[in-house]
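Reproduced below: structure.cif, with mmCIF, C-alpha atoms.
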data_start
loop_
_atom_site.label_atom_id
_atom_site.label_comp_id
_atom_site.auth_asym_id
_atom_site.auth_seq_id
_atom_site.Cartn_x
_atom_site.Cartn_y
_atom_site.Cartn_z
CA MET A 1 48.23 163.70 81.59
CA ILE A 2 47.90 162.68 85.23
CA ILE A 3 44.69 163.07 87.24
CA ASN A 4 45.25 163.29 90.98
CA HIS A 5 42.42 161.15 92.30
CA PRO A 6 41.26 162.48 95.71
CA LEU A 7 41.23 158.98 97.23
CA LEU A 8 43.68 156.94 95.17
CA GLY A 9 46.40 159.45 94.33
CA PRO A 10 47.92 160.30 90.93
CA ARG A 11 46.55 158.10 88.13
CA ASP A 12 47.26 158.01 84.41
CA SER A 13 44.52 159.67 82.37
CA ALA A 14 44.31 156.50 80.24
CA GLU A 15 42.37 154.97 83.14
CA PHE A 16 39.68 157.64 82.83
CA ILE A 17 36.92 158.42 80.37
CA TYR A 18 35.71 161.97 79.75
CA MET A 19 31.98 162.17 80.44
CA GLY A 20 31.20 165.79 79.58
CA ASP A 21 30.60 169.14 81.21
CA ALA A 22 30.23 169.06 85.02
CA GLY A 23 27.00 171.01 84.54
CA LEU A 24 25.36 167.65 83.79
CA ILE A 25 25.10 167.24 87.57
CA ASN A 26 22.47 170.01 87.59
CA ARG A 27 19.69 168.05 85.98
CA PRO A 28 16.38 169.96 86.08
CA ASP A 29 13.65 168.64 88.35
CA PRO A 30 11.48 166.37 86.14
CA GLU A 31 8.37 167.41 88.11
CA THR A 32 8.69 171.12 87.50
CA ALA A 33 11.21 171.83 84.72
CA SER A 34 10.11 173.67 81.59
CA GLY A 35 11.01 172.70 78.04
CA GLU A 36 13.45 175.61 77.94
CA GLU A 37 15.31 174.24 80.96
CA TRP A 38 15.55 170.76 79.44
CA TYR A 39 16.76 172.26 76.18
CA ALA A 40 19.49 174.16 77.99
CA TYR A 41 20.48 171.13 80.04
CA ALA A 42 20.66 168.79 77.06
CA TYR A 43 22.21 171.01 74.40
CA LEU A 44 23.73 174.27 75.60
CA ARG A 45 27.39 174.18 76.61
CA ASP A 46 30.03 176.82 77.11
CA ASN A 47 33.29 176.28 75.28
CA PRO A 48 35.75 178.24 77.40
CA ALA A 49 39.40 178.85 76.57
CA GLY A 50 40.62 178.51 80.11
CA GLU A 51 39.21 176.95 83.24
CA HIS A 52 36.60 174.26 82.65
CA ARG A 53 34.81 171.96 85.09
CA GLU A 54 34.29 168.51 83.61
CA LEU A 55 33.21 165.01 84.58
CA TRP A 56 35.67 162.15 84.33
CA TRP A 57 34.83 158.52 85.07
CA HIS A 58 37.53 156.28 86.53
CA GLU A 59 36.66 153.35 84.30
CA GLY A 60 39.99 151.56 84.66
CA GLY A 61 40.06 152.14 88.41
CA ASP A 62 37.54 152.43 91.19
CA ARG A 63 34.67 153.52 88.89
CA SER A 64 34.19 156.80 90.71
CA TRP A 65 32.94 159.91 88.95
CA LEU A 66 35.13 162.96 89.40
CA VAL A 67 34.70 166.68 88.82
CA VAL A 68 38.00 167.82 87.32
CA THR A 69 38.79 171.52 86.95
CA ARG A 70 41.07 171.73 83.92
CA ASN A 71 42.51 174.60 81.94
CA THR A 72 41.62 173.87 78.33
CA VAL A 73 44.51 176.02 77.08
CA THR A 74 47.35 174.58 79.17
CA HIS A 75 45.75 171.24 80.24
CA GLU A 76 46.73 172.11 83.79
CA ILE A 77 44.46 170.41 86.33
CA SER A 78 43.86 172.66 89.32
CA LYS A 79 41.26 170.70 91.27
CA VAL A 80 39.85 167.17 91.44
CA GLU A 81 36.76 166.35 93.50
CA ILE A 82 34.52 163.30 93.91
CA ALA A 83 31.37 164.10 91.93
CA ARG A 84 29.16 162.69 94.67
CA ASP A 85 30.57 165.19 97.17
CA VAL A 86 30.06 168.07 94.73
CA ALA A 87 26.46 167.03 94.09
CA ARG A 88 25.69 166.63 97.77
CA ALA A 89 27.25 170.02 98.56
CA GLN A 90 24.79 171.49 96.05
CA GLY A 91 21.92 169.81 97.90
CA ARG A 92 21.34 167.02 95.37
CA SER A 93 21.01 163.26 96.14
CA LYS A 94 18.18 163.88 98.58
CA MET B 1 16.82 115.40 89.18
CA HIS B 2 19.53 116.58 86.84
CA ASP B 3 22.92 115.07 87.38
CA LEU B 4 25.08 118.13 86.69
CA ILE B 5 28.84 118.30 87.05
CA ALA B 6 30.29 121.57 88.34
CA ILE B 7 33.01 123.13 86.17
CA THR B 8 35.41 125.96 86.93
CA ALA B 9 35.42 129.37 85.23
CA LEU B 10 37.91 128.07 82.65
CA GLY B 11 35.66 125.11 81.92
CA GLY B 12 37.74 122.38 83.54
CA SER B 13 36.63 119.86 86.11
CA ALA B 14 39.63 120.81 88.26
CA PRO B 15 41.22 124.27 88.74
CA ARG B 16 43.89 125.03 86.18
CA VAL B 17 47.47 125.44 87.38
CA ASP B 18 50.25 126.89 85.21
CA ARG B 19 53.86 127.21 86.20
CA VAL B 20 56.52 129.34 84.52
CA ALA B 21 59.98 129.44 86.14
CA ASP B 22 59.35 129.95 89.88
CA THR B 23 55.97 131.56 89.46
CA THR B 24 52.62 129.80 89.61
CA LEU B 25 49.25 130.86 88.28
CA THR B 26 46.37 129.03 89.94
CA GLU B 27 42.69 129.27 89.14
CA ASN B 28 40.85 129.55 92.44
CA PRO B 29 37.19 128.46 92.36
CA GLY B 30 36.90 128.32 96.16
CA ILE B 31 35.76 131.86 96.91
CA ALA B 32 32.27 133.18 97.58
CA LEU B 33 31.84 136.92 97.02
CA ALA B 34 29.22 139.53 97.84
CA SER B 35 29.32 143.30 97.47
CA VAL B 36 28.17 145.61 100.23
CA ALA B 37 27.10 149.18 99.47
CA ALA B 38 26.08 151.40 102.36
CA ARG B 39 22.70 153.05 101.94
CA MET B 40 22.44 156.80 102.28
CA ASP B 41 22.48 158.07 105.88
CA GLN B 42 23.13 154.52 107.15
CA GLU B 43 26.88 154.58 106.56
CA THR B 44 27.72 154.39 110.27
CA THR B 45 25.54 151.32 110.90
CA CYS B 46 26.89 149.65 107.77
CA ARG B 47 30.49 150.25 108.86
CA LYS B 48 29.73 148.84 112.29
CA HIS B 49 28.41 145.61 110.76
CA LEU B 50 31.32 145.41 108.33
CA LYS B 51 33.79 145.78 111.16
CA ALA B 52 32.05 143.00 113.09
CA VAL B 53 32.26 140.67 110.08
CA ILE B 54 35.80 141.24 108.78
CA GLY B 55 37.52 142.87 111.75
CA ALA B 56 38.06 146.36 110.30
CA VAL B 57 36.70 148.69 107.66
CA PRO B 58 39.23 148.83 104.79
CA GLY B 59 39.93 152.35 103.54
CA PRO B 60 40.59 153.35 99.91
CA GLY B 61 43.02 150.98 98.20
CA LYS B 62 43.06 148.51 101.09
CA VAL B 63 42.10 144.90 101.71
CA GLN B 64 41.34 143.47 105.14
CA LEU B 65 42.82 139.96 105.14
CA HIS B 66 40.82 138.02 107.69
CA ASP B 67 39.34 134.55 108.23
CA PRO B 68 36.86 133.32 107.33
CA GLU B 69 35.42 136.54 105.85
CA ALA B 70 37.72 139.10 104.25
CA GLY B 71 36.95 142.29 102.38
CA PHE B 72 38.36 145.09 100.26
CA TRP B 73 37.41 148.65 99.37
CA MET B 74 35.79 149.07 95.95
CA GLY B 75 34.67 152.69 96.07
CA PRO B 76 33.27 155.27 98.50
CA ASP B 77 30.99 153.35 100.91
CA GLN B 78 31.33 150.16 98.86
CA TRP B 79 33.17 146.97 99.71
CA MET B 80 33.54 143.43 98.42
CA VAL B 81 33.40 140.67 101.00
CA GLY B 82 34.83 137.23 100.27
CA ALA B 83 34.82 133.94 102.16
CA PRO B 84 35.52 130.25 101.47
CA PHE B 85 32.90 128.88 99.10
CA ASP B 86 32.61 125.55 100.94
CA THR B 87 31.40 127.16 104.15
CA HIS B 88 29.86 130.40 102.81
CA GLU B 89 28.07 129.50 99.59
CA ASP B 90 25.15 131.67 100.76
CA LEU B 91 27.42 134.59 101.74
CA ALA B 92 25.11 137.27 100.30
CA ALA B 93 22.13 135.94 102.27
CA GLN B 94 24.21 135.77 105.45
CA LEU B 95 25.40 139.35 105.00
CA LYS B 96 21.93 140.64 104.13
CA ALA B 97 20.57 139.08 107.32
CA ARG B 98 23.21 140.93 109.32
CA PHE B 99 23.29 144.31 107.49
CA GLY B 100 19.52 144.56 107.06
CA GLU B 101 18.43 147.96 105.76
CA SER B 102 21.85 149.54 106.29
CA ALA B 103 23.34 148.20 103.06
CA SER B 104 22.51 146.80 99.65
CA VAL B 105 24.12 143.38 99.36
CA THR B 106 24.61 141.73 95.98
CA GLU B 107 25.71 138.18 95.24
CA GLN B 108 28.97 138.38 93.23
CA THR B 109 30.37 134.85 93.34
CA ASP B 110 29.60 133.93 89.75
CA ALA B 111 30.53 137.35 88.36
CA TRP B 112 34.25 136.95 88.99
CA VAL B 113 37.05 134.57 88.23
CA CYS B 114 39.86 134.42 90.76
CA PHE B 115 43.50 133.78 89.89
CA ASP B 116 46.33 133.50 92.39
CA LEU B 117 49.70 134.53 90.99
CA ARG B 118 52.52 133.62 93.27
CA GLY B 119 56.28 133.39 93.15
CA ASP B 120 59.51 135.32 92.69
CA GLY B 121 58.53 136.63 89.27
CA MET B 122 55.13 137.98 90.33
CA GLU B 123 56.18 141.65 90.26
CA ALA B 124 57.76 141.37 86.82
CA VAL B 125 54.58 139.78 85.46
CA MET B 126 52.28 142.39 87.02
CA GLU B 127 54.43 145.22 85.65
CA LEU B 128 53.88 143.90 82.18
CA LEU B 129 50.16 143.35 82.71
CA CYS B 130 48.79 146.54 84.21
CA ASN B 131 49.13 150.14 85.30
CA VAL B 132 49.38 149.61 89.05
CA ASN B 133 52.70 150.29 90.70
CA ILE B 134 53.05 146.73 91.98
CA ARG B 135 56.44 147.31 93.60
CA ALA B 136 54.96 150.11 95.72
CA MET B 137 52.05 147.93 96.79
CA GLN B 138 52.42 146.05 100.04
CA THR B 139 50.53 143.26 101.73
CA GLY B 140 47.04 144.59 102.41
CA ASP B 141 46.89 146.89 99.37
CA ALA B 142 44.11 146.45 96.83
CA GLN B 143 43.70 148.28 93.52
CA ARG B 144 41.30 148.11 90.65
CA THR B 145 42.98 148.34 87.27
CA SER B 146 42.67 147.23 83.67
CA ILE B 147 44.35 143.99 82.58
CA HIS B 148 43.97 143.14 78.90
CA HIS B 149 41.17 145.77 78.74
CA LEU B 150 39.31 143.97 81.54
CA GLY B 151 38.52 145.71 84.83
CA CYS B 152 40.25 143.63 87.51
CA PHE B 153 41.00 143.85 91.21
CA VAL B 154 44.57 143.21 92.29
CA LEU B 155 45.02 142.27 95.96
CA ARG B 156 48.50 141.94 97.42
CA ARG B 157 48.44 139.19 99.99
CA ASP B 158 50.60 137.68 102.70
CA PRO B 159 53.33 136.62 101.93
CA SER B 160 53.87 139.51 99.57
CA ASP B 161 55.07 137.45 96.59
CA TRP B 162 51.39 136.62 96.13
CA VAL B 163 48.69 138.61 94.34
CA ARG B 164 45.09 137.64 93.90
CA ILE B 165 43.50 138.84 90.66
CA LEU B 166 39.71 139.07 90.40
CA GLY B 167 38.47 139.58 86.85
CA PRO B 168 35.19 139.27 84.98
CA ARG B 169 34.23 135.60 84.88
CA ALA B 170 32.75 135.79 81.39
CA SER B 171 36.25 136.73 80.15
CA ALA B 172 38.11 134.18 82.28
CA GLY B 173 39.77 132.59 79.23
CA SER B 174 41.02 135.94 77.88
CA LEU B 175 42.32 137.01 81.28
CA HIS B 176 44.09 133.68 81.79
CA HIS B 177 45.63 133.96 78.33
CA ALA B 178 46.88 137.49 79.10
CA ILE B 179 48.45 136.52 82.42
CA LEU B 180 50.05 133.37 81.06
CA THR B 181 51.42 135.24 78.03
CA ALA B 182 52.91 137.88 80.34
CA MET B 183 54.45 135.14 82.51
CA LYS B 184 56.06 133.52 79.49
CA SER B 185 57.49 136.79 78.25
CA ALA B 186 58.57 138.28 81.60
CA LEU B 187 60.10 135.19 83.17
#

Conversion result in structure tokens:
Amino acid sequence: MIINHPLLGPRDSAEFIYMGDAGLINRPDPETASGEEWYAYAYLRDNPAGEHRELWWHEGGDRSWLVVTRNTVTHEISKVEIARDVARAQGRSK
Amino acid sequence: MHDLIAITALGGSAPRVDRVADTTLTENPGIALASVAARMDQETTCRKHLKAVIGAVPGPGKVQLHDPEAGFWMGPDQWMVGAPFDTHEDLAAQLKARFGESASVTEQTDAWVCFDLRGDGMEAVMELLCNVNIRAMQTGDAQRTSIHHLGCFVLRRDPSDWVRILGPRASAGSLHHAILTAMKSAL
């Protein structure tokens, strides 16, 4: 499997480590979040047969975190973004 | 006052040099390093300072070869700056004085071991060692990759039969062993 890194080009997936569902970016606000919200953030995951947004870490490369949109049925990768850009677009990292 | 004798990353009193066929592997203890990470919303100021120090701001996968300070891209808004140890032992302090609040500067000199691999067989050795497409890399290209399960930077220098490998200093012996073994088998 090849992951097309947005900055460095196509890289072998052996250079990357899977870090979980991309929803991990949406950590609840520690000041205001309820127990329910923490429970959902920590434990509840969808398990889709099809398109899935996931975090990959370029451990054997530039150490960037990526949001990879991958089809779990075909393994086709349709989109690769820098996680920082995704988080900032959602208004995080303030 | 302690009377201490400086040793290199491989533990010798002089840098180690190994030669296989026409290719030479040299331990290089003469480099001071510091990382520069732009702080949020200060990226423009940080880039301006970086350009003043090393002559240009290297983009992804690039190294700016420049004297005395040089630098390469490590990640978005992050660079490593290097300079001769003899004249820039306090490189991090010098950079911090210049960059001020625009960047976080971290001393990196003793975190890395530096090997220079040079000669006709360099490409064959690198092909055996790591994932990077060494034959597609040109002078001025810099990649981070895994060598012997160690995260290393590979900088292609001028002339282009020369690569500089920066690896974790604590694993200098393992990295040296891996490179030398690859040299013996590829050449």

Nearest to chain A by atom-to-atom distance, counting all atoms listed in the file, from B:Gln64, B:Asn131, B:Thr44, B:Gln138
B:Asn131

Show me, as a ChimeraX atom specification, every residue of chain A with an atom at most 6 Å from chain B, counting all atoms listed in the file.
/A:60-62

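When all atoms listed in the file are used to measure the gap to Gln108 of chain B, the shortest distance among B:Ala32, B:Ala142, B:Leu180, B:Val163 belongs to B:Ala32.
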
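Note on the selection: in this file the PyMOL selection byres ((chain A and resi 26) around 10) comes out as Ala22, Gly23, Leu24, Ile25, Arg27, Pro28, Asp29, Tyr41, Ala87, Gln90 and Arg92 of chain A.
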
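Neighbours of Met19 of chain A closer than or equal to 9 Å, with all atoms listed in the file counted and sequence neighbours fewer than 6 positions away skipped, come out as Glu54, Leu55, Trp56, Trp57 and Trp65 of chain A.
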
Could you tell me, as a PyMOL selection string, exactly which residues end up selected when the PyMOL selection byres ((chain B and resi 135) around 12) is applied to this structure?
chain B and resi 121-127+131-134+136-139+141+156+160-161+163

Counting all atoms listed in the file, what is within 12 Å of His88 of chain B, bar same-chain residues fewer than 6 positions away, as a list in words?
Gly30, Ile31, Ala32, Leu33, Ala34, Asp67, Pro68, Glu69, Ala70, Val81, Gly82, Gln94, Leu95, Glu107 and Thr109 of chain B
